[in-house]
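Peer 1: To be precise about what I am sending: the file is called coords.pdb and holds PDB, C-alpha atoms.
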ATOM      1  CA  MET A   1      36.273 -63.784  42.433  1.00  0.00           C
ATOM      2  CA  ALA A   2      32.503 -64.040  41.901  1.00  0.00           C
ATOM      3  CA  HIS A   3      32.356 -67.826  42.397  1.00  0.00           C
ATOM      4  CA  PRO A   4      34.872 -68.818  45.105  1.00  0.00           C
ATOM      5  CA  LEU A   5      33.462 -72.374  45.364  1.00  0.00           C
ATOM      6  CA  TRP A   6      33.710 -73.064  41.621  1.00  0.00           C
ATOM      7  CA  PRO A   7      35.899 -70.433  39.939  1.00  0.00           C
ATOM      8  CA  LEU A   8      35.380 -71.997  36.504  1.00  0.00           C
ATOM      9  CA  PHE A   9      32.130 -70.019  36.471  1.00  0.00           C
ATOM     10  CA  ASP A  10      34.292 -66.886  36.234  1.00  0.00           C
ATOM     11  CA  LEU A  11      36.150 -68.111  33.154  1.00  0.00           C
ATOM     12  CA  ARG A  12      35.424 -66.227  29.927  1.00  0.00           C
ATOM     13  CA  ILE A  13      36.847 -66.881  26.455  1.00  0.00           C
ATOM     14  CA  ARG A  14      36.010 -64.195  23.905  1.00  0.00           C
ATOM     15  CA  SER A  15      36.538 -64.092  20.155  1.00  0.00           C
ATOM     16  CA  PRO A  16      35.444 -61.299  17.785  1.00  0.00           C
ATOM     17  CA  ARG A  17      31.769 -62.361  17.760  1.00  0.00           C
ATOM     18  CA  LEU A  18      31.415 -64.975  20.500  1.00  0.00           C
ATOM     19  CA  GLU A  19      31.766 -65.564  24.222  1.00  0.00           C
ATOM     20  CA  LEU A  20      32.376 -69.038  25.652  1.00  0.00           C
ATOM     21  CA  ARG A  21      31.658 -69.788  29.322  1.00  0.00           C
ATOM     22  CA  LEU A  22      30.051 -72.342  31.598  1.00  0.00           C
ATOM     23  CA  PRO A  23      26.260 -72.134  31.408  1.00  0.00           C
ATOM     24  CA  THR A  24      23.998 -71.649  34.411  1.00  0.00           C
ATOM     25  CA  ASP A  25      21.294 -74.237  35.009  1.00  0.00           C
ATOM     26  CA  GLU A  26      18.748 -71.923  33.357  1.00  0.00           C
ATOM     27  CA  GLU A  27      21.028 -71.605  30.334  1.00  0.00           C
ATOM     28  CA  ILE A  28      21.463 -75.383  30.228  1.00  0.00           C
ATOM     29  CA  ALA A  29      17.682 -75.626  29.825  1.00  0.00           C
ATOM     30  CA  THR A  30      17.821 -73.074  26.983  1.00  0.00           C
ATOM     31  CA  LEU A  31      20.649 -75.000  25.308  1.00  0.00           C
ATOM     32  CA  ALA A  32      18.649 -78.213  25.594  1.00  0.00           C
ATOM     33  CA  ALA A  33      15.721 -76.562  23.820  1.00  0.00           C
ATOM     34  CA  ILE A  34      18.021 -75.336  21.023  1.00  0.00           C
ATOM     35  CA  ALA A  35      19.519 -78.795  20.610  1.00  0.00           C
ATOM     36  CA  ARG A  36      16.067 -80.409  20.674  1.00  0.00           C
ATOM     37  CA  GLU A  37      14.960 -78.148  17.801  1.00  0.00           C
ATOM     38  CA  GLY A  38      17.722 -79.618  15.661  1.00  0.00           C
ATOM     39  CA  ILE A  39      21.481 -79.934  15.262  1.00  0.00           C
ATOM     40  CA  HIS A  40      21.726 -82.134  12.173  1.00  0.00           C
ATOM     41  CA  PRO A  41      19.349 -83.444   9.483  1.00  0.00           C
ATOM     42  CA  PRO A  42      17.221 -86.512  10.320  1.00  0.00           C
ATOM     43  CA  GLY A  43      18.961 -89.741   9.457  1.00  0.00           C
ATOM     44  CA  GLU A  44      22.443 -88.372  10.142  1.00  0.00           C
ATOM     45  CA  MET A  45      24.509 -88.988  13.287  1.00  0.00           C
ATOM     46  CA  PRO A  46      27.689 -86.893  13.508  1.00  0.00           C
ATOM     47  CA  PHE A  47      28.447 -87.683  17.159  1.00  0.00           C
ATOM     48  CA  GLY A  48      30.348 -90.562  18.720  1.00  0.00           C
ATOM     49  CA  VAL A  49      27.473 -90.956  21.198  1.00  0.00           C
ATOM     50  CA  ALA A  50      23.938 -90.793  19.769  1.00  0.00           C
ATOM     51  CA  TRP A  51      22.678 -88.284  22.338  1.00  0.00           C
ATOM     52  CA  SER A  52      20.907 -85.980  19.880  1.00  0.00           C
ATOM     53  CA  THR A  53      18.194 -88.505  18.929  1.00  0.00           C
ATOM     54  CA  VAL A  54      17.131 -89.557  22.439  1.00  0.00           C
ATOM     55  CA  PRO A  55      13.366 -88.961  22.889  1.00  0.00           C
ATOM     56  CA  SER A  56      11.996 -86.378  25.317  1.00  0.00           C
ATOM     57  CA  PRO A  57      11.846 -86.031  28.283  1.00  0.00           C
ATOM     58  CA  ARG A  58      14.864 -88.340  28.620  1.00  0.00           C
ATOM     59  CA  PHE A  59      16.733 -86.103  26.191  1.00  0.00           C
ATOM     60  CA  GLU A  60      16.427 -83.019  28.413  1.00  0.00           C
ATOM     61  CA  ARG A  61      17.309 -84.924  31.584  1.00  0.00           C
ATOM     62  CA  GLU A  62      20.396 -86.539  30.059  1.00  0.00           C
ATOM     63  CA  PHE A  63      21.426 -83.240  28.502  1.00  0.00           C
ATOM     64  CA  ALA A  64      21.379 -81.534  31.896  1.00  0.00           C
ATOM     65  CA  ARG A  65      23.102 -84.486  33.565  1.00  0.00           C
ATOM     66  CA  HIS A  66      25.894 -84.284  30.974  1.00  0.00           C
ATOM     67  CA  HIS A  67      26.696 -80.713  32.036  1.00  0.00           C
ATOM     68  CA  TRP A  68      26.312 -81.472  35.743  1.00  0.00           C
ATOM     69  CA  ASP A  69      28.547 -84.544  35.438  1.00  0.00           C
ATOM     70  CA  ALA A  70      31.246 -82.437  33.759  1.00  0.00           C
ATOM     71  CA  ARG A  71      31.341 -80.343  36.945  1.00  0.00           C
ATOM     72  CA  ALA A  72      30.947 -83.147  39.472  1.00  0.00           C
ATOM     73  CA  SER A  73      33.565 -85.476  37.961  1.00  0.00           C
ATOM     74  CA  TRP A  74      36.198 -82.762  37.436  1.00  0.00           C
ATOM     75  CA  SER A  75      39.744 -83.407  38.580  1.00  0.00           C
ATOM     76  CA  PRO A  76      43.084 -81.878  37.513  1.00  0.00           C
ATOM     77  CA  ASN A  77      43.977 -85.236  35.920  1.00  0.00           C
ATOM     78  CA  ARG A  78      40.668 -85.724  34.077  1.00  0.00           C
ATOM     79  CA  TRP A  79      38.582 -82.709  33.167  1.00  0.00           C
ATOM     80  CA  HIS A  80      35.823 -81.769  30.758  1.00  0.00           C
ATOM     81  CA  LEU A  81      35.218 -78.059  30.198  1.00  0.00           C
ATOM     82  CA  ALA A  82      31.653 -78.027  28.812  1.00  0.00           C
ATOM     83  CA  LEU A  83      31.241 -74.461  27.580  1.00  0.00           C
ATOM     84  CA  ALA A  84      28.182 -72.760  26.140  1.00  0.00           C
ATOM     85  CA  VAL A  85      28.689 -70.495  23.123  1.00  0.00           C
ATOM     86  CA  PHE A  86      26.972 -67.094  23.202  1.00  0.00           C
ATOM     87  CA  ARG A  87      26.362 -64.599  20.395  1.00  0.00           C
ATOM     88  CA  ASP A  88      25.171 -61.173  21.607  1.00  0.00           C
ATOM     89  CA  GLY A  89      24.371 -62.716  24.978  1.00  0.00           C
ATOM     90  CA  GLU A  90      22.197 -65.522  23.572  1.00  0.00           C
ATOM     91  CA  PRO A  91      23.293 -69.182  23.574  1.00  0.00           C
ATOM     92  CA  ILE A  92      23.700 -70.747  20.129  1.00  0.00           C
ATOM     93  CA  GLY A  93      25.580 -73.990  20.818  1.00  0.00           C
ATOM     94  CA  ALA A  94      28.279 -75.669  22.869  1.00  0.00           C
ATOM     95  CA  GLN A  95      32.032 -76.196  22.700  1.00  0.00           C
ATOM     96  CA  SER A  96      33.860 -78.723  24.862  1.00  0.00           C
ATOM     97  CA  LEU A  97      37.529 -79.048  25.736  1.00  0.00           C
ATOM     98  CA  LEU A  98      38.772 -82.220  27.411  1.00  0.00           C
ATOM     99  CA  GLY A  99      42.058 -83.089  29.069  1.00  0.00           C
ATOM    100  CA  ARG A 100      43.359 -86.429  30.375  1.00  0.00           C
ATOM    101  CA  ASP A 101      46.636 -86.436  32.350  1.00  0.00           C
ATOM    102  CA  PHE A 102      47.033 -82.950  30.924  1.00  0.00           C
ATOM    103  CA  ALA A 103      49.955 -81.925  33.151  1.00  0.00           C
ATOM    104  CA  VAL A 104      52.023 -84.718  31.552  1.00  0.00           C
ATOM    105  CA  LEU A 105      50.563 -85.179  28.064  1.00  0.00           C
ATOM    106  CA  ARG A 106      49.693 -81.522  27.314  1.00  0.00           C
ATOM    107  CA  THR A 107      47.017 -82.816  24.932  1.00  0.00           C
ATOM    108  CA  VAL A 108      43.398 -81.677  24.572  1.00  0.00           C
ATOM    109  CA  LYS A 109      40.422 -82.916  22.605  1.00  0.00           C
ATOM    110  CA  THR A 110      37.468 -80.901  21.358  1.00  0.00           C
ATOM    111  CA  GLY A 111      33.810 -81.449  20.535  1.00  0.00           C
ATOM    112  CA  SER A 112      31.001 -79.079  19.606  1.00  0.00           C
ATOM    113  CA  TRP A 113      27.524 -78.528  18.223  1.00  0.00           C
ATOM    114  CA  LEU A 114      25.486 -75.591  16.888  1.00  0.00           C
ATOM    115  CA  GLY A 115      21.748 -75.159  16.526  1.00  0.00           C
ATOM    116  CA  LEU A 116      20.677 -75.502  12.891  1.00  0.00           C
ATOM    117  CA  THR A 117      19.638 -71.850  12.601  1.00  0.00           C
ATOM    118  CA  HIS A 118      23.162 -70.769  13.622  1.00  0.00           C
ATOM    119  CA  GLN A 119      25.073 -72.968  11.188  1.00  0.00           C
ATOM    120  CA  SER A 120      26.804 -71.846   7.965  1.00  0.00           C
ATOM    121  CA  GLN A 121      27.737 -68.478   9.472  1.00  0.00           C
ATOM    122  CA  GLY A 122      31.338 -69.212  10.436  1.00  0.00           C
ATOM    123  CA  TYR A 123      30.576 -69.767  14.117  1.00  0.00           C
ATOM    124  CA  GLY A 124      31.863 -73.350  14.101  1.00  0.00           C
ATOM    125  CA  ILE A 125      35.321 -72.226  13.028  1.00  0.00           C
ATOM    126  CA  GLU A 126      35.337 -69.242  15.377  1.00  0.00           C
ATOM    127  CA  MET A 127      34.323 -71.148  18.500  1.00  0.00           C
ATOM    128  CA  ARG A 128      36.838 -73.940  17.833  1.00  0.00           C
ATOM    129  CA  ALA A 129      39.548 -71.330  17.247  1.00  0.00           C
ATOM    130  CA  ALA A 130      38.582 -69.605  20.503  1.00  0.00           C
ATOM    131  CA  VAL A 131      38.919 -72.763  22.580  1.00  0.00           C
ATOM    132  CA  LEU A 132      42.167 -73.687  20.815  1.00  0.00           C
ATOM    133  CA  GLY A 133      43.534 -70.238  21.652  1.00  0.00           C
ATOM    134  CA  PHE A 134      42.569 -70.879  25.262  1.00  0.00           C
ATOM    135  CA  ALA A 135      44.261 -74.291  25.210  1.00  0.00           C
ATOM    136  CA  PHE A 136      47.505 -73.297  23.480  1.00  0.00           C
ATOM    137  CA  ASP A 137      47.977 -69.763  24.775  1.00  0.00           C
ATOM    138  CA  GLY A 138      46.183 -70.019  28.123  1.00  0.00           C
ATOM    139  CA  LEU A 139      46.899 -73.560  29.304  1.00  0.00           C
ATOM    140  CA  ASP A 140      50.158 -74.122  27.373  1.00  0.00           C
ATOM    141  CA  ALA A 141      48.819 -77.187  25.582  1.00  0.00           C
ATOM    142  CA  GLU A 142      51.154 -78.810  23.064  1.00  0.00           C
ATOM    143  CA  VAL A 143      48.721 -80.924  21.014  1.00  0.00           C
ATOM    144  CA  ALA A 144      45.017 -80.735  20.104  1.00  0.00           C
ATOM    145  CA  GLU A 145      43.139 -83.713  18.675  1.00  0.00           C
ATOM    146  CA  THR A 146      39.724 -84.142  17.112  1.00  0.00           C
ATOM    147  CA  GLU A 147      37.822 -86.748  15.107  1.00  0.00           C
ATOM    148  CA  ALA A 148      34.957 -86.824  12.604  1.00  0.00           C
ATOM    149  CA  PHE A 149      33.025 -89.451  10.701  1.00  0.00           C
ATOM    150  CA  LEU A 150      33.965 -89.651   7.020  1.00  0.00           C
ATOM    151  CA  ASP A 151      30.592 -88.227   5.976  1.00  0.00           C
ATOM    152  CA  ASN A 152      30.861 -85.267   8.374  1.00  0.00           C
ATOM    153  CA  THR A 153      32.474 -82.965   5.845  1.00  0.00           C
ATOM    154  CA  ARG A 154      31.639 -79.809   7.793  1.00  0.00           C
ATOM    155  CA  SER A 155      33.566 -80.867  10.876  1.00  0.00           C
ATOM    156  CA  ALA A 156      36.504 -82.047   8.761  1.00  0.00           C
ATOM    157  CA  GLY A 157      36.397 -78.764   6.861  1.00  0.00           C
ATOM    158  CA  VAL A 158      36.625 -76.760  10.086  1.00  0.00           C
ATOM    159  CA  SER A 159      39.625 -78.828  11.197  1.00  0.00           C
ATOM    160  CA  ARG A 160      41.452 -78.411   7.917  1.00  0.00           C
ATOM    161  CA  ARG A 161      40.746 -74.676   7.668  1.00  0.00           C
ATOM    162  CA  LEU A 162      42.164 -74.189  11.155  1.00  0.00           C
ATOM    163  CA  GLY A 163      45.353 -76.043  10.211  1.00  0.00           C
ATOM    164  CA  TYR A 164      44.939 -79.534  11.644  1.00  0.00           C
ATOM    165  CA  ALA A 165      46.812 -82.354   9.915  1.00  0.00           C
ATOM    166  CA  ASP A 166      45.308 -85.757   9.123  1.00  0.00           C
ATOM    167  CA  ASN A 167      46.239 -88.225  11.854  1.00  0.00           C
ATOM    168  CA  GLY A 168      44.952 -91.622  10.771  1.00  0.00           C
ATOM    169  CA  MET A 169      41.646 -93.437  10.925  1.00  0.00           C
ATOM    170  CA  GLY A 170      39.409 -94.661  13.723  1.00  0.00           C
ATOM    171  CA  ARG A 171      36.076 -96.398  14.275  1.00  0.00           C
ATOM    172  CA  LEU A 172      33.044 -95.512  16.391  1.00  0.00           C
ATOM    173  CA  ALA A 173      29.573 -97.041  16.660  1.00  0.00           C
ATOM    174  CA  PRO A 174      27.130 -94.477  18.079  1.00  0.00           C
ATOM    175  CA  GLU A 175      24.096 -96.453  16.876  1.00  0.00           C
ATOM    176  CA  GLY A 176      25.475 -99.973  17.194  1.00  0.00           C
ATOM    177  CA  VAL A 177      27.056-100.118  13.721  1.00  0.00           C
ATOM    178  CA  ALA A 178      30.793 -99.453  13.300  1.00  0.00           C
ATOM    179  CA  ARG A 179      31.632 -96.426  11.142  1.00  0.00           C
ATOM    180  CA  GLU A 180      35.022 -95.123  10.107  1.00  0.00           C
ATOM    181  CA  THR A 181      36.324 -91.791  11.321  1.00  0.00           C
ATOM    182  CA  ARG A 182      39.174 -89.557  10.305  1.00  0.00           C
ATOM    183  CA  LYS A 183      41.419 -88.235  13.074  1.00  0.00           C
ATOM    184  CA  PHE A 184      43.085 -84.828  13.072  1.00  0.00           C
ATOM    185  CA  LEU A 185      45.955 -83.328  15.075  1.00  0.00           C
ATOM    186  CA  MET A 186      47.337 -79.840  15.609  1.00  0.00           C
ATOM    187  CA  THR A 187      50.563 -78.977  17.451  1.00  0.00           C
ATOM    188  CA  VAL A 188      51.278 -75.704  19.193  1.00  0.00           C
ATOM    189  CA  SER A 189      53.770 -74.866  16.439  1.00  0.00           C
ATOM    190  CA  ASP A 190      51.007 -75.427  13.869  1.00  0.00           C
ATOM    191  CA  TRP A 191      48.762 -73.114  15.865  1.00  0.00           C
ATOM    192  CA  ARG A 192      51.364 -70.358  15.996  1.00  0.00           C
ATOM    193  CA  SER A 193      52.461 -70.741  12.376  1.00  0.00           C
ATOM    194  CA  ARG A 194      49.718 -68.463  11.058  1.00  0.00           C
ATOM    195  CA  ALA A 195      47.819 -65.348  12.079  1.00  0.00           C
ATOM    196  CA  ARG A 196      44.782 -66.009  14.262  1.00  0.00           C
ATOM    197  CA  ALA A 197      41.844 -63.873  15.300  1.00  0.00           C
ATOM    198  CA  PRO A 198      42.360 -62.401  18.784  1.00  0.00           C
ATOM    199  CA  VAL A 199      41.148 -64.468  21.759  1.00  0.00           C
ATOM    200  CA  GLU A 200      40.597 -62.778  25.113  1.00  0.00           C
ATOM    201  CA  ILE A 201      40.802 -64.933  28.251  1.00  0.00           C
ATOM    202  CA  GLU A 202      39.351 -63.720  31.541  1.00  0.00           C
ATOM    203  CA  GLY A 203      39.331 -65.455  34.914  1.00  0.00           C
ATOM    204  CA  LEU A 204      41.835 -68.214  34.150  1.00  0.00           C
ATOM    205  CA  ASP A 205      44.258 -67.459  36.959  1.00  0.00           C
ATOM    206  CA  GLY A 206      41.577 -68.085  39.573  1.00  0.00           C
ATOM    207  CA  CYS A 207      41.008 -71.628  38.325  1.00  0.00           C
ATOM    208  CA  ARG A 208      44.476 -72.738  37.172  1.00  0.00           C
ATOM    209  CA  GLU A 209      44.707 -75.140  40.112  1.00  0.00           C
ATOM    210  CA  LEU A 210      41.710 -77.009  38.671  1.00  0.00           C
ATOM    211  CA  PHE A 211      43.762 -77.604  35.513  1.00  0.00           C
ATOM    212  CA  GLY A 212      46.739 -78.789  37.573  1.00  0.00           C
ATOM    213  CA  GLN A 213      48.661 -75.501  37.210  1.00  0.00           C
ATOM    214  CA  ALA A 214      50.032 -72.913  39.588  1.00  0.00           C
ATOM    215  CA  ALA A 215      48.492 -69.440  39.631  1.00  0.00           C
ATOM    216  CA  THR A 216      50.520 -66.841  37.749  1.00  0.00           C
ATOM    217  CA  GLY A 217      49.256 -63.702  39.460  1.00  0.00           C
ATOM    218  CA  GLY A 218      47.282 -62.369  36.511  1.00  0.00           C
ATOM    219  CA  ASP A 219      46.154 -63.827  33.221  1.00  0.00           C
ATOM    220  CA  ASP A 220      43.684 -61.560  31.446  1.00  0.00           C
ATOM    221  CA  ARG A 221      44.755 -61.225  27.848  1.00  0.00           C
TER     222      ARG A 221
END
Let's see the structure in the file written out as structure tokens.

Peer 2:
Amino acid sequence: MAHPLWPLFDLRIRSPRLELRLPTDEEIATLAAIAREGIHPPGEMPFGVAWSTVPSPRFEREFARHHWDARASWSPNRWHLALAVFRDGEPIGAQSLLGRDFAVLRTVKTGSWLGLTHQSQGYGIEMRAAVLGFAFDGLDAEVAETEAFLDNTRSAGVSRRLGYADNGMGRLAPEGVARETRKFLMTVSDWRSRARAPVEIEGLDGCRELFGQAATGGDDR
């Protein structure tokens, strides 16, 4: 184990083109610069919290604090796996997986972003599929949920292409004005009902306790 104090740093999730893992502090700074360069067109807000339009240097400080808080506030009952997404060793975006009372509910939620120069290349689908493979096949999740504003057709398109089902409507107000969202849900049977690209998981057994699970004695797949 390379990181005995925080074994989540040893966790690796690999898909055909991408690797997902926790970023180092230096990589957090690189991710912040990518996000600052642009994630979405001006005038749009695809996120439930309007973090992407905060002015510098507050933007960079809050960006780093977001990743640090995900580590510091971690518990087996309430966790936020804030992964960086790498292509050929270079960060291109972020993919989060969240669990609340996971040992009982077996439900996860996802969120993500990609730098503008890395969009429209299929990475959004691949990184979501990678983290879903980790959730369903690594953590034995039973349900995955996500949500998108009605005008965020790209996010909704990713969900539908991966096999999520519509799951009702919601409302969020990231900029102080309520906007409708569409909710999506995928069950483990939905996930396993079709062929998926291979997902390799490394280092999970060393951090299963952090997800409220017992070690299995070997989990690389």

Peer 1: Could you list, with a cut-off of 6 Å and counting all atoms listed in the file, the residues of region 35-150 of chain A near region 9-24 of chain A, each shown with its nearest atom pair and the distance in Å rounded to one decimal, rows sorted by chain and ascending number, as CSV?

Peer 2:
residue,atom,partner,partner_atom,distance
A:Leu83,CA,A:Leu22,CA,4.7
A:Ala84,CA,A:Arg21,CA,5.6
A:Val85,CA,A:Leu20,CA,4.7
A:Phe86,CA,A:Glu19,CA,5.1
A:Arg87,CA,A:Leu18,CA,5.1
A:Ala130,CA,A:Ser15,CA,5.9

Peer 1: List as a ChimeraX atom specification the protein and nucleic acid residues near region 178-189 of chain A, meaning an atom at most 6 Å away when only C-alpha atoms are counted, but skip any in the same chain fewer than 6 places from it.

Peer 2: /A:142-150,164-172

Peer 1: Dig up all the protein and nucleic acid residues within 8 Å of (27.1, -71.4, 19.5) in the file frame, using all atoms listed in the file, and format them as a list in words.

Peer 2: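 In the file's frame, the residues around the point are Leu18, Ala84, Val85, Phe86, Arg87, Pro91, Ile92, Gly93, Ala94, Gln95, Trp113, Leu114, Gly115, His118, Tyr123, Gly124 and Met127 of chain A.
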
Peer 1: Work out how far CA of Arg106 (chain A) is from CA of Gly212 (chain A), in Å to one decimal.

Peer 2: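 Computing the Euclidean distance for CA of Gly212 (chain A) and CA of Arg106 (chain A) yields 11.0 Å.
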
Peer 1: For region 197-204 of chain A, please output as a VMD selection string all residues within 12 Å (counting all atoms listed in the file; exclusion window: fewer than 5 positions along the same chain).

Peer 2: chain A and resid 1 to 4 6 to 21 125 to 139 162 191 to 192 209 to 211 213 to 221

Peer 1: Write to file, as a tab-separated table (two decimals), in the coordinates of the input, the residues of the selection just made, with C-alpha atoms.

Peer 2:
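For reference, out.tsv as written:
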chain	number	residue	atom	x	y	z
A	1	MET	CA	36.27	-63.78	42.43
A	2	ALA	CA	32.50	-64.04	41.90
A	3	HIS	CA	32.36	-67.83	42.40
A	4	PRO	CA	34.87	-68.82	45.10
A	6	TRP	CA	33.71	-73.06	41.62
A	7	PRO	CA	35.90	-70.43	39.94
A	8	LEU	CA	35.38	-72.00	36.50
A	9	PHE	CA	32.13	-70.02	36.47
A	10	ASP	CA	34.29	-66.89	36.23
A	11	LEU	CA	36.15	-68.11	33.15
A	12	ARG	CA	35.42	-66.23	29.93
A	13	ILE	CA	36.85	-66.88	26.46
A	14	ARG	CA	36.01	-64.19	23.90
A	15	SER	CA	36.54	-64.09	20.16
A	16	PRO	CA	35.44	-61.30	17.78
A	17	ARG	CA	31.77	-62.36	17.76
A	18	LEU	CA	31.42	-64.97	20.50
A	19	GLU	CA	31.77	-65.56	24.22
A	20	LEU	CA	32.38	-69.04	25.65
A	21	ARG	CA	31.66	-69.79	29.32
A	125	ILE	CA	35.32	-72.23	13.03
A	126	GLU	CA	35.34	-69.24	15.38
A	127	MET	CA	34.32	-71.15	18.50
A	128	ARG	CA	36.84	-73.94	17.83
A	129	ALA	CA	39.55	-71.33	17.25
A	130	ALA	CA	38.58	-69.60	20.50
A	131	VAL	CA	38.92	-72.76	22.58
A	132	LEU	CA	42.17	-73.69	20.82
A	133	GLY	CA	43.53	-70.24	21.65
A	134	PHE	CA	42.57	-70.88	25.26
A	135	ALA	CA	44.26	-74.29	25.21
A	136	PHE	CA	47.50	-73.30	23.48
A	137	ASP	CA	47.98	-69.76	24.78
A	138	GLY	CA	46.18	-70.02	28.12
A	139	LEU	CA	46.90	-73.56	29.30
A	162	LEU	CA	42.16	-74.19	11.16
A	191	TRP	CA	48.76	-73.11	15.86
A	192	ARG	CA	51.36	-70.36	16.00
A	209	GLU	CA	44.71	-75.14	40.11
A	210	LEU	CA	41.71	-77.01	38.67
A	211	PHE	CA	43.76	-77.60	35.51
A	213	GLN	CA	48.66	-75.50	37.21
A	214	ALA	CA	50.03	-72.91	39.59
A	215	ALA	CA	48.49	-69.44	39.63
A	216	THR	CA	50.52	-66.84	37.75
A	217	GLY	CA	49.26	-63.70	39.46
A	218	GLY	CA	47.28	-62.37	36.51
A	219	ASP	CA	46.15	-63.83	33.22
A	220	ASP	CA	43.68	-61.56	31.45
A	221	ARG	CA	44.76	-61.22	27.85

Peer 1: Quick one: distance from CA of Ala33 (chain A) to CA of Arg58 (chain A) in Å, one decimal?

Peer 2: 12.7 Å

Peer 1: In Å, with one decimal, what is the gap from CA of Glu37 (chain A) to CA of Phe63 (chain A)?

Peer 2: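 Computed distance, CA of Glu37 (chain A) to CA of Phe63 (chain A), equals 13.5 Å.
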
Peer 1: Name the closest residue to Pro42 (chain A) among the candidates A:Ser159, A:Pro174, A:Asp140, A:Leu116; distances are taken between atoms, counting only C-alpha atoms.

Peer 2: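 Looking only at the distances to Pro42 (chain A), the closest residue turns out to be A:Leu116.
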
Peer 1: For Ala29 (chain A), please output as a list in words all residues within 8 Å (counting all atoms listed in the file; exclusion window: fewer than 4 positions along the same chain).

Peer 2: Asp25, Ala33, Glu60 and Ala64 of chain A

Peer 1: Pick out the closest residue to Gly89 (chain A) from this set: A:Glu27, A:Glu175, A:Glu62, A:Asp69. Count all atoms listed in the file.

Peer 2: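 Closest to Gly89 (chain A) of all the choices is A:Glu27.
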
Peer 1: Please determine, counting all atoms listed in the file, which residue among A:Ser155, A:Ser193, A:Thr107, A:Thr30 has the shortest atom-to-atom distance to Ser120 (chain A).

Peer 2: A:Ser155

Peer 1: Measuring between all atoms listed in the file, which one of A:Val108, A:Val54, A:Ile28, A:Ala35 shows the shortest distance to Trp79 (chain A)?

Peer 2: A:Val108

Peer 1: Extract, using only C-alpha atoms, all DNA, RNA and protein residues at most 8 Å from Arg78 (chain A), discarding same-chain residues fewer than 5 positions from it, and format them as a ChimeraX atom specification.

Peer 2: /A:98-102

Peer 1: For Ala156 (chain A), which of A:Pro76, A:Cys207, A:Pro46, A:Leu97 is the closest residue, counting all atoms listed in the file?

Peer 2: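 For Ala156 (chain A), the nearest of the given residues is A:Pro46.
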
Peer 1: Restricting the calculation to all atoms listed in the file: of A:Val104, A:Leu5, A:Met45, A:Ile34, which residue gets closest to Glu90 (chain A)?

Peer 2: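 With all atoms listed in the file as the atom set, the closest residue is A:Ile34.
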
Peer 1: Let me have the centre and edge lengths in Å, one decimal, of the box along x, y and z around every listed atom of region 96-114 of chain A with 3 Å of margin on each side, as lines of an AutoDock Vina configuration file.

Peer 2:
center_x = 38.8
center_y = -81.0
center_z = 25.0
size_x = 32.5
size_y = 16.8
size_z = 22.3
